[in-house]
$ cat coords.cif   # mmCIF, C-alpha atoms
data_query
#
loop_
_atom_site.label_atom_id
_atom_site.label_comp_id
_atom_site.auth_asym_id
_atom_site.auth_seq_id
_atom_site.Cartn_x
_atom_site.Cartn_y
_atom_site.Cartn_z
CA MET A 1 9.45 -47.39 -13.73
CA LYS A 2 5.94 -46.68 -14.89
CA GLY A 3 4.37 -43.34 -14.19
CA SER A 4 6.14 -40.10 -13.56
CA ASN A 5 5.68 -37.13 -11.33
CA THR A 6 7.40 -34.76 -13.74
CA TYR A 7 4.79 -35.04 -16.51
CA TYR A 8 2.94 -31.83 -15.66
CA TYR A 9 6.15 -29.99 -14.96
CA ARG A 10 7.47 -30.81 -18.42
CA GLU A 11 4.18 -30.05 -20.16
CA SER A 12 3.95 -26.71 -18.38
CA VAL A 13 7.55 -25.73 -19.09
CA SER A 14 6.97 -26.52 -22.78
CA LEU A 15 3.92 -24.29 -22.75
CA LEU A 16 5.61 -21.51 -20.83
CA LEU A 17 8.60 -21.38 -23.14
CA ARG A 18 6.46 -20.51 -26.13
CA THR A 19 7.16 -17.04 -27.50
CA LYS A 20 3.86 -15.49 -26.48
CA TRP A 21 4.46 -16.36 -22.81
CA VAL A 22 8.15 -15.61 -22.61
CA SER A 23 8.37 -12.39 -24.59
CA PRO A 24 6.98 -10.02 -21.93
CA TYR A 25 9.44 -11.45 -19.41
CA LEU A 26 12.38 -10.97 -21.71
CA LEU A 27 11.71 -7.26 -21.97
CA ILE A 28 12.51 -6.79 -18.29
CA PRO A 29 16.29 -7.38 -18.16
CA PRO A 30 17.25 -5.05 -21.05
CA MET A 31 14.77 -2.43 -19.84
CA LEU A 32 16.28 -2.40 -16.37
CA ALA A 33 19.84 -2.56 -17.63
CA PHE A 34 19.09 0.51 -19.74
CA MET A 35 17.57 2.33 -16.75
CA VAL A 36 20.59 1.59 -14.59
CA TYR A 37 23.01 2.57 -17.32
CA ALA A 38 21.15 5.80 -18.06
CA GLU A 39 20.99 6.68 -14.38
CA ALA A 40 24.74 6.16 -13.96
CA PHE A 41 25.41 8.20 -17.09
CA LEU A 42 23.27 11.09 -15.88
CA ALA A 43 24.81 10.98 -12.41
CA ALA A 44 28.31 11.07 -13.91
CA HIS A 45 27.36 14.18 -15.86
CA GLY A 46 25.81 15.89 -12.87
CA VAL A 47 22.28 15.76 -14.29
CA ALA A 48 20.72 13.56 -11.65
CA GLY A 49 21.42 14.08 -7.98
CA ILE A 50 21.80 10.41 -7.29
CA SER A 51 23.03 8.85 -4.13
CA THR A 52 25.80 6.34 -3.72
CA LEU A 53 26.49 3.46 -6.04
CA GLY A 54 25.39 1.01 -3.34
CA GLN A 55 21.98 2.64 -3.04
CA ARG A 56 21.61 2.72 -6.79
CA THR A 57 22.38 -0.98 -6.90
CA VAL A 58 19.77 -1.81 -4.29
CA LEU A 59 17.19 0.38 -5.97
CA ALA A 60 17.89 -1.23 -9.34
CA ILE A 61 17.55 -4.73 -7.92
CA TRP A 62 14.29 -3.85 -6.21
CA ASN A 63 12.98 -2.21 -9.37
CA GLY A 64 13.74 -5.44 -11.17
CA ALA A 65 12.12 -7.57 -8.49
CA PHE A 66 9.02 -5.39 -8.44
CA LEU A 67 8.53 -5.39 -12.19
CA LEU A 68 9.17 -9.09 -12.41
CA ALA A 69 6.84 -9.92 -9.52
CA LEU A 70 4.11 -7.88 -11.16
CA ILE A 71 4.47 -9.59 -14.53
CA ALA A 72 5.05 -13.05 -13.03
CA GLY A 73 1.94 -12.71 -10.86
CA ILE A 74 -0.33 -11.56 -13.67
CA LYS A 75 0.95 -14.23 -16.00
CA SER A 76 0.70 -16.85 -13.26
CA CYS A 77 -2.97 -16.07 -12.68
CA LEU A 78 -3.66 -16.39 -16.41
CA PHE A 79 -1.58 -19.52 -16.85
CA PHE A 80 -2.78 -21.41 -13.79
CA SER A 81 -6.40 -20.59 -14.45
CA GLY A 82 -6.08 -21.47 -18.15
CA THR A 83 -4.27 -24.73 -17.45
CA TRP A 84 -6.30 -26.07 -14.55
CA GLY A 85 -9.54 -25.07 -16.24
CA ALA A 86 -8.67 -26.69 -19.57
CA GLY A 87 -10.35 -29.85 -20.80
CA TRP A 88 -7.03 -31.48 -21.76
CA PHE A 89 -5.70 -30.94 -18.24
CA ARG A 90 -8.77 -32.38 -16.59
CA ASN A 91 -8.73 -35.48 -18.76
CA SER A 92 -4.98 -35.87 -18.30
CA LEU A 93 -5.66 -36.64 -14.64
CA ALA A 94 -6.56 -40.11 -15.93
CA LEU A 95 -2.91 -40.68 -16.89
CA PRO A 96 -0.68 -42.68 -14.56
CA VAL A 97 0.74 -39.67 -12.77
CA SER A 98 0.20 -38.55 -9.23
CA ARG A 99 -2.75 -36.16 -9.04
CA SER A 100 -0.79 -34.00 -6.66
CA SER A 101 1.81 -33.34 -9.34
CA GLY A 102 -0.96 -31.72 -11.38
CA TYR A 103 -0.74 -28.90 -8.87
CA TRP A 104 2.88 -28.90 -7.76
CA GLY A 105 4.34 -29.67 -11.19
CA VAL A 106 2.54 -26.74 -12.81
CA TYR A 107 3.45 -24.45 -9.89
CA LEU A 108 7.12 -25.42 -10.03
CA ALA A 109 7.22 -24.92 -13.79
CA VAL A 110 5.98 -21.33 -13.44
CA LEU A 111 8.36 -20.73 -10.54
CA THR A 112 11.28 -22.14 -12.54
CA VAL A 113 10.62 -19.88 -15.52
CA SER A 114 10.11 -16.85 -13.26
CA THR A 115 13.32 -17.66 -11.38
CA GLY A 116 15.20 -17.93 -14.65
CA VAL A 117 14.00 -14.48 -15.66
CA PHE A 118 14.84 -13.16 -12.18
CA ILE A 119 18.42 -14.40 -12.55
CA LEU A 120 18.66 -12.82 -16.01
CA THR A 121 17.25 -9.57 -14.67
CA ILE A 122 19.62 -9.36 -11.73
CA GLY A 123 22.54 -10.32 -13.97
CA ALA A 124 21.61 -7.58 -16.43
CA VAL A 125 21.29 -4.99 -13.65
CA ILE A 126 24.62 -5.87 -12.09
CA ALA A 127 26.32 -5.91 -15.48
CA ALA A 128 24.97 -2.43 -16.22
CA LEU A 129 26.33 -0.94 -12.99
CA PRO A 130 29.54 1.05 -13.47
CA GLY A 131 31.48 -0.57 -10.59
CA PRO A 132 31.26 -3.08 -7.77
CA SER A 133 28.95 -2.29 -4.90
CA ARG A 134 29.91 -2.55 -1.26
CA PHE A 135 26.46 -3.74 -0.32
CA PRO A 136 26.05 -7.43 0.53
CA LEU A 137 24.45 -8.31 -2.78
CA ALA A 138 23.63 -11.95 -2.00
CA HIS A 139 21.45 -10.85 0.91
CA ILE A 140 19.66 -8.20 -1.11
CA ILE A 141 19.10 -10.53 -4.04
CA GLY A 142 17.73 -13.16 -1.66
CA GLU A 143 15.24 -10.68 -0.25
CA ALA A 144 14.33 -9.36 -3.69
CA TYR A 145 13.51 -12.91 -4.80
CA LEU A 146 10.78 -13.22 -2.17
CA PRO A 147 8.25 -11.07 -4.07
CA VAL A 148 8.68 -13.40 -7.05
CA ILE A 149 7.91 -16.47 -4.92
CA TRP A 150 4.99 -14.65 -3.35
CA ALA A 151 3.65 -13.57 -6.76
CA VAL A 152 3.71 -17.10 -8.19
CA SER A 153 2.17 -18.61 -5.04
CA MET A 154 -0.60 -16.04 -5.01
CA GLY A 155 -1.08 -16.64 -8.75
CA ALA A 156 -1.56 -20.37 -8.03
CA PHE A 157 -4.17 -19.65 -5.37
CA LEU A 158 -6.05 -17.13 -7.50
CA GLY A 159 -5.70 -19.32 -10.59
CA ILE A 160 -7.62 -22.15 -8.97
CA LEU A 161 -10.06 -19.81 -7.24
CA THR A 162 -11.21 -17.61 -10.08
CA SER A 163 -10.86 -16.72 -13.76
CA GLY A 164 -7.48 -15.62 -15.12
CA THR A 165 -8.51 -12.02 -15.73
CA GLY A 166 -10.26 -11.63 -12.38
CA GLY A 167 -7.29 -13.18 -10.60
CA ALA A 168 -4.82 -10.95 -12.44
CA PHE A 169 -6.83 -7.85 -11.54
CA PHE A 170 -7.05 -8.81 -7.87
CA PHE A 171 -3.38 -9.74 -7.80
CA THR A 172 -2.32 -6.40 -9.30
CA SER A 173 -4.31 -4.52 -6.67
CA LEU A 174 -2.81 -6.61 -3.88
CA ILE A 175 0.81 -6.31 -4.98
CA LEU A 176 0.50 -2.57 -5.58
CA LEU A 177 -1.01 -2.16 -2.11
CA GLY A 178 1.76 -4.34 -0.69
CA PHE A 179 4.42 -2.12 -2.16
CA ALA A 180 2.66 1.18 -1.51
CA ALA A 181 2.05 0.26 2.12
CA GLY A 182 5.80 0.19 2.71
CA LEU A 183 6.47 3.70 1.48
CA PRO A 184 7.40 6.21 4.23
CA LEU A 185 4.39 8.45 3.65
CA ILE A 186 1.83 5.67 3.77
CA SER A 187 1.08 3.94 7.04
CA ILE A 188 -1.38 1.12 7.52
CA PRO A 189 -2.43 -0.73 10.68
CA GLY A 190 -0.07 -3.56 11.57
CA TRP A 191 -2.71 -6.29 11.33
CA LEU A 192 -3.35 -5.40 7.69
CA HIS A 193 0.11 -6.74 6.86
CA PHE A 194 -1.31 -10.21 7.38
CA VAL A 195 -3.62 -9.58 4.44
CA ILE A 196 -1.41 -7.31 2.38
CA PRO A 197 2.13 -8.69 2.05
CA PRO A 198 4.78 -6.31 3.47
CA LEU A 199 6.68 -6.15 0.18
CA GLY A 200 7.19 -2.40 0.25
CA ARG A 201 8.32 -2.49 3.86
CA LEU A 202 10.91 -5.12 2.99
CA MET A 203 12.09 -2.95 0.13
CA THR A 204 12.44 0.26 2.15
CA LEU A 205 14.26 -1.55 4.94
CA GLY A 206 16.54 -3.18 2.40
CA MET A 207 17.34 0.23 0.92
CA ARG A 208 19.09 1.29 4.11
CA TYR A 209 20.83 -1.96 4.77
CA PRO A 210 19.71 -5.56 4.42
CA GLN A 211 17.35 -6.19 7.28
CA GLY A 212 13.75 -7.11 7.89
CA LEU A 213 13.70 -10.71 9.10
CA TYR A 214 10.13 -10.22 10.32
CA GLN A 215 9.00 -9.16 6.85
CA VAL A 216 10.84 -12.07 5.27
CA VAL A 217 9.05 -14.52 7.55
CA VAL A 218 5.64 -12.90 6.98
CA ILE A 219 6.05 -13.01 3.18
CA LEU A 220 7.18 -16.64 3.27
CA VAL A 221 4.29 -17.64 5.53
CA HIS A 222 1.93 -15.68 3.30
CA SER A 223 3.22 -17.54 0.23
CA ALA A 224 3.08 -20.95 1.91
CA LEU A 225 -0.41 -20.36 3.24
CA PHE A 226 -1.86 -19.42 -0.14
CA LEU A 227 0.01 -22.24 -1.82
CA VAL A 228 -1.45 -24.82 0.55
CA MET A 229 -4.92 -23.31 0.28
CA GLY A 230 -4.57 -23.53 -3.50
CA ARG A 231 -3.59 -27.21 -3.21
CA LEU A 232 -6.62 -27.98 -1.06
CA MET A 233 -8.92 -26.27 -3.53
CA PHE A 234 -7.25 -28.11 -6.40
CA GLY A 235 -8.01 -31.42 -4.68
CA ILE A 236 -11.65 -30.48 -4.27
CA ALA A 237 -11.97 -29.16 -7.84
CA ALA A 238 -10.39 -32.30 -9.31
CA ARG A 239 -13.21 -34.46 -7.97
CA ARG A 240 -16.22 -32.20 -8.21
CA LYS A 241 -17.25 -31.72 -11.84
CA MET B 1 -9.85 -64.58 -11.78
CA PRO B 2 -11.69 -61.37 -10.83
CA PRO B 3 -13.05 -59.26 -13.69
CA TYR B 4 -10.70 -56.66 -15.15
CA ILE B 5 -13.47 -54.07 -15.08
CA SER B 6 -16.43 -54.18 -12.78
CA ILE B 7 -19.23 -51.63 -12.54
CA GLY B 8 -21.99 -52.34 -10.06
CA GLY B 9 -25.22 -50.37 -9.80
CA TYR B 10 -23.72 -47.23 -11.32
CA SER B 11 -26.16 -44.38 -11.31
CA ASP B 12 -25.76 -40.85 -12.57
CA PRO B 13 -29.25 -39.42 -12.88
CA PRO B 14 -30.88 -38.00 -14.89
CA LEU B 15 -28.71 -39.33 -17.75
CA MET B 16 -28.02 -42.88 -16.64
CA THR B 17 -30.11 -44.49 -13.96
CA TYR B 18 -28.57 -47.94 -13.65
CA LEU B 19 -25.61 -49.80 -15.14
CA SER B 20 -23.94 -53.00 -14.04
CA VAL B 21 -21.33 -54.66 -16.19
CA GLU B 22 -18.27 -56.85 -15.82
CA VAL B 23 -15.50 -57.22 -18.38
CA ASN B 24 -13.08 -60.13 -18.15
CA LYS B 25 -9.67 -60.67 -19.67
CA GLY B 26 -9.89 -61.15 -23.43
CA GLU B 27 -13.32 -59.55 -23.66
CA MET B 28 -14.57 -56.42 -25.35
CA VAL B 29 -17.82 -55.00 -24.02
CA VAL B 30 -19.56 -52.11 -25.71
CA VAL B 31 -21.90 -49.86 -23.78
CA ALA B 32 -24.09 -48.50 -26.56
CA GLY B 33 -26.38 -45.54 -26.35
CA PRO B 34 -27.48 -42.41 -28.17
CA PRO B 35 -25.73 -39.06 -27.73
CA GLY B 36 -26.57 -37.55 -24.36
CA SER B 37 -27.13 -40.88 -22.63
CA GLY B 38 -24.29 -40.29 -20.15
CA LYS B 39 -21.48 -42.24 -21.82
CA SER B 40 -18.91 -39.46 -21.52
CA ASN B 41 -19.82 -38.93 -17.89
CA LEU B 42 -19.33 -42.66 -17.30
CA ILE B 43 -15.77 -42.66 -18.67
CA LYS B 44 -14.94 -39.58 -16.59
CA SER B 45 -16.29 -41.31 -13.50
CA MET B 46 -14.20 -44.36 -14.33
CA ALA B 47 -11.13 -42.14 -14.68
CA GLY B 48 -11.87 -40.68 -11.27
CA ILE B 49 -12.29 -37.14 -12.54
CA ARG B 50 -16.02 -36.94 -11.99
CA GLY B 51 -18.16 -37.95 -9.06
CA PHE B 52 -21.25 -40.16 -9.38
CA SER B 53 -24.20 -40.61 -7.10
CA LYS B 54 -24.48 -44.39 -6.65
CA GLY B 55 -22.68 -47.61 -7.37
CA SER B 56 -19.19 -49.00 -7.31
CA MET B 57 -16.40 -49.36 -9.85
CA LYS B 58 -13.24 -51.38 -9.93
CA ILE B 59 -10.48 -51.65 -12.51
CA LEU B 60 -8.03 -54.53 -11.97
CA GLY B 61 -9.38 -54.89 -8.46
CA SER B 62 -8.62 -51.29 -7.48
CA ARG B 63 -10.76 -48.21 -7.35
CA PRO B 64 -10.42 -46.42 -10.67
CA TRP B 65 -8.87 -43.21 -9.35
CA THR B 66 -5.94 -44.96 -7.70
CA LEU B 67 -2.53 -44.67 -9.31
CA ARG B 68 -2.26 -48.47 -9.40
CA SER B 69 -5.26 -48.91 -11.68
CA ARG B 70 -4.29 -45.94 -13.84
CA GLN B 71 -0.85 -47.43 -14.48
CA GLU B 72 -2.44 -50.32 -16.37
CA THR B 73 -5.34 -48.47 -17.96
CA VAL B 74 -5.49 -46.28 -21.04
CA PHE B 75 -8.43 -43.91 -21.30
CA VAL B 76 -9.27 -42.43 -24.68
CA PHE B 77 -11.69 -39.56 -24.32
CA GLN B 78 -13.89 -38.10 -26.97
CA ASN B 79 -12.24 -35.15 -28.73
CA TRP B 80 -8.75 -36.62 -28.41
CA ASN B 81 -7.47 -34.75 -25.42
CA PHE B 82 -4.55 -33.14 -27.23
CA LEU B 83 -3.12 -29.91 -25.98
CA PRO B 84 -3.57 -27.38 -28.80
CA ASP B 85 -0.26 -25.59 -28.26
CA LEU B 86 2.26 -28.43 -28.48
CA PRO B 87 3.21 -30.64 -31.43
CA ILE B 88 1.57 -34.06 -31.44
CA ARG B 89 4.94 -35.81 -31.24
CA ILE B 90 5.85 -34.34 -27.84
CA GLN B 91 2.44 -35.16 -26.43
CA LEU B 92 2.39 -38.74 -27.68
CA GLU B 93 5.94 -39.49 -26.60
CA ARG B 94 5.34 -38.19 -23.10
CA LYS B 95 2.11 -40.14 -22.73
CA VAL B 96 3.56 -43.39 -23.99
CA ALA B 97 6.62 -42.95 -21.77
CA LEU B 98 4.36 -42.81 -18.73
CA TYR B 99 3.18 -46.35 -19.39
CA ARG B 100 6.22 -48.00 -20.86
CA GLY B 101 8.99 -46.83 -18.55
CA VAL B 102 11.63 -47.02 -21.30
CA SER B 103 14.20 -44.49 -22.48
CA PRO B 104 13.03 -41.42 -24.44
CA ARG B 105 14.95 -42.70 -27.46
CA THR B 106 13.07 -46.00 -27.43
CA VAL B 107 9.76 -44.21 -27.01
CA ARG B 108 10.55 -41.97 -29.97
CA MET B 109 11.41 -45.02 -32.06
CA LEU B 110 8.18 -46.78 -31.05
CA VAL B 111 6.07 -43.74 -31.87
CA ASP B 112 7.78 -43.19 -35.21
CA ARG B 113 7.41 -46.82 -36.20
CA TRP B 114 3.75 -46.89 -35.23
CA CYS B 115 3.03 -43.69 -37.16
CA ASP B 116 4.69 -45.23 -40.20
CA ASP B 117 2.56 -48.36 -39.83
CA VAL B 118 -0.69 -46.41 -39.72
CA GLU B 119 0.43 -43.96 -42.43
CA LEU B 120 0.51 -40.94 -40.15
CA ALA B 121 4.23 -40.22 -40.30
CA GLY B 122 3.66 -36.85 -41.95
CA THR B 123 1.35 -35.63 -39.22
CA ILE B 124 3.31 -36.27 -36.07
CA ASP B 125 5.31 -33.04 -36.00
CA ARG B 126 2.28 -30.85 -36.54
CA TYR B 127 -0.01 -29.15 -34.05
CA PRO B 128 -3.48 -30.59 -33.39
CA GLY B 129 -5.16 -27.63 -35.07
CA GLN B 130 -3.40 -28.48 -38.33
CA LEU B 131 -4.83 -32.00 -38.54
CA ASN B 132 -8.22 -33.33 -39.55
CA ARG B 133 -10.54 -35.08 -37.11
CA SER B 134 -9.89 -38.53 -38.52
CA ASP B 135 -6.11 -38.26 -38.10
CA LEU B 136 -6.51 -36.87 -34.59
CA GLN B 137 -8.84 -39.68 -33.62
CA MET B 138 -6.34 -42.21 -34.94
CA LEU B 139 -3.43 -40.54 -33.13
CA ALA B 140 -5.43 -40.58 -29.91
CA LEU B 141 -5.34 -44.38 -30.15
CA ALA B 142 -1.51 -44.40 -30.09
CA PRO B 143 -1.29 -45.04 -26.32
CA VAL B 144 -3.66 -48.02 -26.76
CA ALA B 145 -1.33 -49.46 -29.38
CA LEU B 146 1.98 -48.61 -27.73
CA ALA B 147 1.39 -48.67 -23.99
CA ARG B 148 0.38 -52.34 -23.87
CA PRO B 149 -2.35 -51.65 -21.30
CA ALA B 150 -4.23 -54.33 -19.41
CA VAL B 151 -7.39 -52.27 -19.74
CA ALA B 152 -8.52 -49.82 -22.41
CA ILE B 153 -11.58 -47.66 -21.82
CA LEU B 154 -12.64 -45.76 -24.91
CA ASP B 155 -15.25 -43.13 -25.54
CA GLU B 156 -16.55 -43.15 -29.13
CA PRO B 157 -13.18 -44.17 -30.57
CA MET B 158 -14.51 -44.66 -34.12
CA VAL B 159 -16.88 -41.74 -34.46
CA ASN B 160 -14.56 -39.35 -36.31
CA LEU B 161 -12.60 -41.89 -38.31
CA SER B 162 -12.70 -41.85 -42.08
CA SER B 163 -13.74 -45.17 -43.62
CA ILE B 164 -10.16 -46.07 -44.64
CA ARG B 165 -8.97 -45.89 -41.04
CA VAL B 166 -11.71 -47.96 -39.44
CA SER B 167 -10.07 -51.34 -39.93
CA SER B 168 -6.68 -50.13 -38.58
CA ALA B 169 -8.38 -48.66 -35.53
CA LEU B 170 -10.31 -51.88 -34.92
CA GLU B 171 -7.08 -53.85 -35.15
CA ILE B 172 -5.45 -51.61 -32.54
CA ILE B 173 -8.37 -51.95 -30.16
CA LEU B 174 -8.64 -55.72 -30.60
CA SER B 175 -4.89 -56.11 -29.95
CA VAL B 176 -5.51 -55.16 -26.32
CA LEU B 177 -7.56 -58.33 -25.88
CA GLU B 178 -4.49 -60.57 -26.12
CA ASN B 179 -3.59 -59.64 -22.57
CA GLY B 180 -6.36 -57.39 -21.41
CA ALA B 181 -9.91 -56.14 -21.62
CA VAL B 182 -11.71 -53.35 -23.46
CA LEU B 183 -14.73 -51.33 -22.45
CA ALA B 184 -15.91 -49.12 -25.29
CA LEU B 185 -18.67 -46.55 -25.14
CA ALA B 186 -20.27 -46.05 -28.51
CA GLN B 187 -23.38 -45.24 -30.42
CA GLY B 188 -25.45 -48.16 -31.67
CA ARG B 189 -24.20 -48.04 -35.25
CA SER B 190 -20.48 -48.12 -34.34
CA PRO B 191 -18.39 -50.84 -36.03
CA LEU B 192 -17.33 -51.88 -32.53
CA VAL B 193 -20.82 -53.21 -31.83
CA ASN B 194 -20.38 -55.99 -34.41
CA ARG B 195 -17.06 -57.10 -32.94
CA ALA B 196 -17.98 -56.90 -29.27
CA ASP B 197 -18.32 -59.96 -27.07
CA ARG B 198 -21.26 -58.28 -25.37
CA VAL B 199 -23.26 -55.13 -25.95
CA VAL B 200 -25.03 -53.34 -23.12
CA ASN B 201 -27.71 -51.06 -24.50
CA LEU B 202 -28.61 -47.92 -22.61
CA ALA B 203 -32.22 -46.89 -22.76
#

$ encode --input "coords.cif" --output "structure tokens"
Amino acid sequence: MKGSNTYYYRESVSLLLRTKWVSPYLLIPPMLAFMVYAEAFLAAHGVAGISTLGQRTVLAIWNGAFLLALIAGIKSCLFFSGTWGAGWFRNSLALPVSRSSGYWGVYLAVLTVSTGVFILTIGAVIAALPGPSRFPLAHIIGEAYLPVIWAVSMGAFLGILTSGTGGAFFFTSLILLGFAAGLPLISIPGWLHFVIPPLGRLMTLGMRYPQGLYQVVVILVHSALFLVMGRLMFGIAARRK
Amino acid sequence: MPPYISIGGYSDPPLMTYLSVEVNKGEMVVVAGPPGSGKSNLIKSMAGIRGFSKGSMKILGSRPWTLRSRQETVFVFQNWNFLPDLPIRIQLERKVALYRGVSPRTVRMLVDRWCDDVELAGTIDRYPGQLNRSDLQMLALAPVALARPAVAILDEPMVNLSSIRVSSALEIILSVLENGAVLALAQGRSPLVNRADRVVNLA
């Protein structure tokens, strides 16, 4: 069959797997594994007054998710903006591929690479823990994956809206606010959660026990909304110049 | 039979104020004009990646930005349109595969054979930045040679070619005419002008 809707996906994955894009991601799993291992070692020797193994597990997973979301978001902004703004990409819209895949294919490529690193990160964290946790890990991991989806979706929106650096700066502010707003000492008006994603709230709730369906829904809606807005702007940008 | 390419009353001021041209099967038409006369904008409009203020365009009876017309049309833009960060081989194979719908192995074989024929076998595994302009321009014509398009629309396809490559490039472009049509945008002194069935001069 002529034409293909995976063209942009494959091009983007090839670009993303180059060393300069992958190397920052690959620092995350060993860094976190070391943190978890060191924490367990210190706790075993009475240096750190750490809580239960279950809580340490959850904290480690959330640390991983946070770091990864931050890096994935910044890199997404730079990658999306660089790709969609490039001359080769614009001219490649003349190839026999669906124009829509120029948006979704690139988005899915970034999400695939970020998900791969997320799996590596979580695997490294769990491997570094001294024993099995009694917490329902699947649930926690599922919740911790949401910030990664949100980061890539927001990166897609900002990547089409503005320059890579500007988008990365705005994204960093937003994700830091999103996490900070969930900390016990910081309270923000409820309506602001529609602008700032309740990532921190999801994390603090998850620390006690997996819960926070409302936050899950809000983050997913947030991601979907920005993703669709990005797609609409992509459609407009593809015909304007 | 309707024309393969039809442009009616195209206008993109201030560069190009009026252009009407039809290209039939087996014909090569050259739109000739000096640099800055709007040729590159015209090819982008035909590819559906740039708006224009007036006129109509059809390729194989469809509007140019539809998937149907793009499946049978190869566009060669000025400056080759290669991604700087991937080897030429990957880029060519993926592009050719979009048109031919054959297995990756067959595509690889076709690309290798073609590169041998045009004496570019040594360049295919390199990155665009490692090649000279003439080789890049020639490699940009690979989809024209290998995709068997019904329509080829080319923007200055000869401008960067070294003299030893001109005849090979002409041969590739003329091979489209067996089953299709060619619209080339070029400057007045291009070798394409002498081989064209018609030349439309821009003011």

$ residues_around --input "coords.cif" --residues "Trp80 of chain B" --least-positions-apart "2" --cutoff "12 Å" --atoms "only C-alpha atoms" --output "number ranges by chain"
A: 87-88, 91-92; B: 75-78, 82-84, 88, 91-92, 128-129, 131-143, 154-161

$ closest_atom_pairs --input "coords.cif" --of "chain A" --to "chain B" --cutoff "12 Å" --atoms "only C-alpha atoms" --output "tab-separated table"
residue	atom	partner	partner_atom	distance
A:Met1	CA	B:Gly101	CA	4.9
A:Lys2	CA	B:Gly101	CA	4.8
A:Gly3	CA	B:Leu98	CA	4.6
A:Ser4	CA	B:Leu98	CA	6.1
A:Asn5	CA	B:Leu98	CA	9.4
A:Thr6	CA	B:Leu98	CA	9.9
A:Tyr7	CA	B:Arg94	CA	7.3
A:Tyr8	CA	B:Arg94	CA	10.1
A:Tyr9	CA	B:Arg94	CA	11.6
A:Arg10	CA	B:Arg94	CA	9.0
A:Glu11	CA	B:Gln91	CA	8.3
A:Ser12	CA	B:Leu86	CA	10.4
A:Val13	CA	B:Leu86	CA	11.1
A:Ser14	CA	B:Leu86	CA	7.6
A:Leu15	CA	B:Asp85	CA	7.0
A:Leu16	CA	B:Asp85	CA	10.3
A:Leu17	CA	B:Leu86	CA	10.9
A:Arg18	CA	B:Asp85	CA	8.7
A:Thr19	CA	B:Asp85	CA	11.3
A:Lys20	CA	B:Asp85	CA	11.1
A:Trp21	CA	B:Asp85	CA	11.7
A:Gly82	CA	B:Leu83	CA	11.9
A:Thr83	CA	B:Leu83	CA	10.0
A:Ala86	CA	B:Leu83	CA	9.1
A:Gly87	CA	B:Asn81	CA	7.3
A:Trp88	CA	B:Asn81	CA	4.9
A:Phe89	CA	B:Leu83	CA	8.2
A:Arg90	CA	B:Ile49	CA	7.2
A:Asn91	CA	B:Asn81	CA	6.8
A:Ser92	CA	B:Asn81	CA	7.6
A:Leu93	CA	B:Ile49	CA	7.0
A:Ala94	CA	B:Ala47	CA	5.2
A:Leu95	CA	B:Arg70	CA	6.2
A:Pro96	CA	B:Gln71	CA	4.8
A:Val97	CA	B:Leu67	CA	6.9
A:Ser98	CA	B:Leu67	CA	6.7
A:Arg99	CA	B:Leu67	CA	8.5
A:Ser100	CA	B:Leu67	CA	11.1
A:Gly235	CA	B:Ile49	CA	10.6
A:Ile236	CA	B:Ile49	CA	10.6
A:Ala237	CA	B:Ile49	CA	9.3
A:Ala238	CA	B:Ile49	CA	6.1
A:Arg239	CA	B:Ile49	CA	5.4
A:Arg240	CA	B:Arg50	CA	6.1
A:Lys241	CA	B:Arg50	CA	5.4

$ residues_around --input "coords.cif" --residues "Pro197 of chain A" --least-positions-apart "5" --cutoff "10 Å" --atoms "only C-alpha atoms" --output "list of chain:residue names"
A:Pro147, A:Trp150, A:Leu174, A:Ile175, A:Leu176, A:Leu177, A:Gly178, A:Phe179, A:Ala181, A:Gly182, A:Leu192, A:Leu202, A:Gln215, A:Val216, A:Val218, A:Ile219, A:Leu220, A:Val221, A:His222, A:Ser223

$ closest_residue --input "coords.cif" --among "A:Lys75, A:Met229, A:Val36, A:Val148" --to "Arg56 of chain A" --atoms "all atoms listed in the file"
A:Val36

$ closest_residue --input "coords.cif" --among "A:Trp62, A:Tyr145, A:Tyr103, A:Phe171" --to "Ile119 of chain A" --atoms "only C-alpha atoms"
A:Tyr145

$ closest_residue --input "coords.cif" --among "B:Ile153, B:Leu110, B:Ala169, B:Ala121" --to "Ser40 of chain B" --atoms "only C-alpha atoms"
B:Ile153

$ resolve_selection --input "coords.cif" --expression "the PyMOL selection byres ((chain B and resi 145) around 9)" --output "PDB file with C-alpha atoms, keeping the file's coordinate frame"
ATOM      1  CA  TRP B 114       3.750 -46.890 -35.230  1.00  0.00           C
ATOM      2  CA  LEU B 141      -5.340 -44.380 -30.150  1.00  0.00           C
ATOM      3  CA  ALA B 142      -1.510 -44.400 -30.090  1.00  0.00           C
ATOM      4  CA  PRO B 143      -1.290 -45.040 -26.320  1.00  0.00           C
ATOM      5  CA  VAL B 144      -3.660 -48.020 -26.760  1.00  0.00           C
ATOM      6  CA  LEU B 146       1.980 -48.610 -27.730  1.00  0.00           C
ATOM      7  CA  ALA B 147       1.390 -48.670 -23.990  1.00  0.00           C
ATOM      8  CA  ARG B 148       0.380 -52.340 -23.870  1.00  0.00           C
ATOM      9  CA  PRO B 149      -2.350 -51.650 -21.300  1.00  0.00           C
ATOM     10  CA  ILE B 172      -5.450 -51.610 -32.540  1.00  0.00           C
ATOM     11  CA  ILE B 173      -8.370 -51.950 -30.160  1.00  0.00           C
ATOM     12  CA  SER B 175      -4.890 -56.110 -29.950  1.00  0.00           C
ATOM     13  CA  VAL B 176      -5.510 -55.160 -26.320  1.00  0.00           C
TER      14      VAL B 176
END

$ residues_around --input "coords.cif" --residues "Ser20 of chain B" --least-positions-apart "4" --cutoff "10 Å" --atoms "all atoms listed in the file" --output "number ranges by chain"
B: 6-11, 55-57, 200
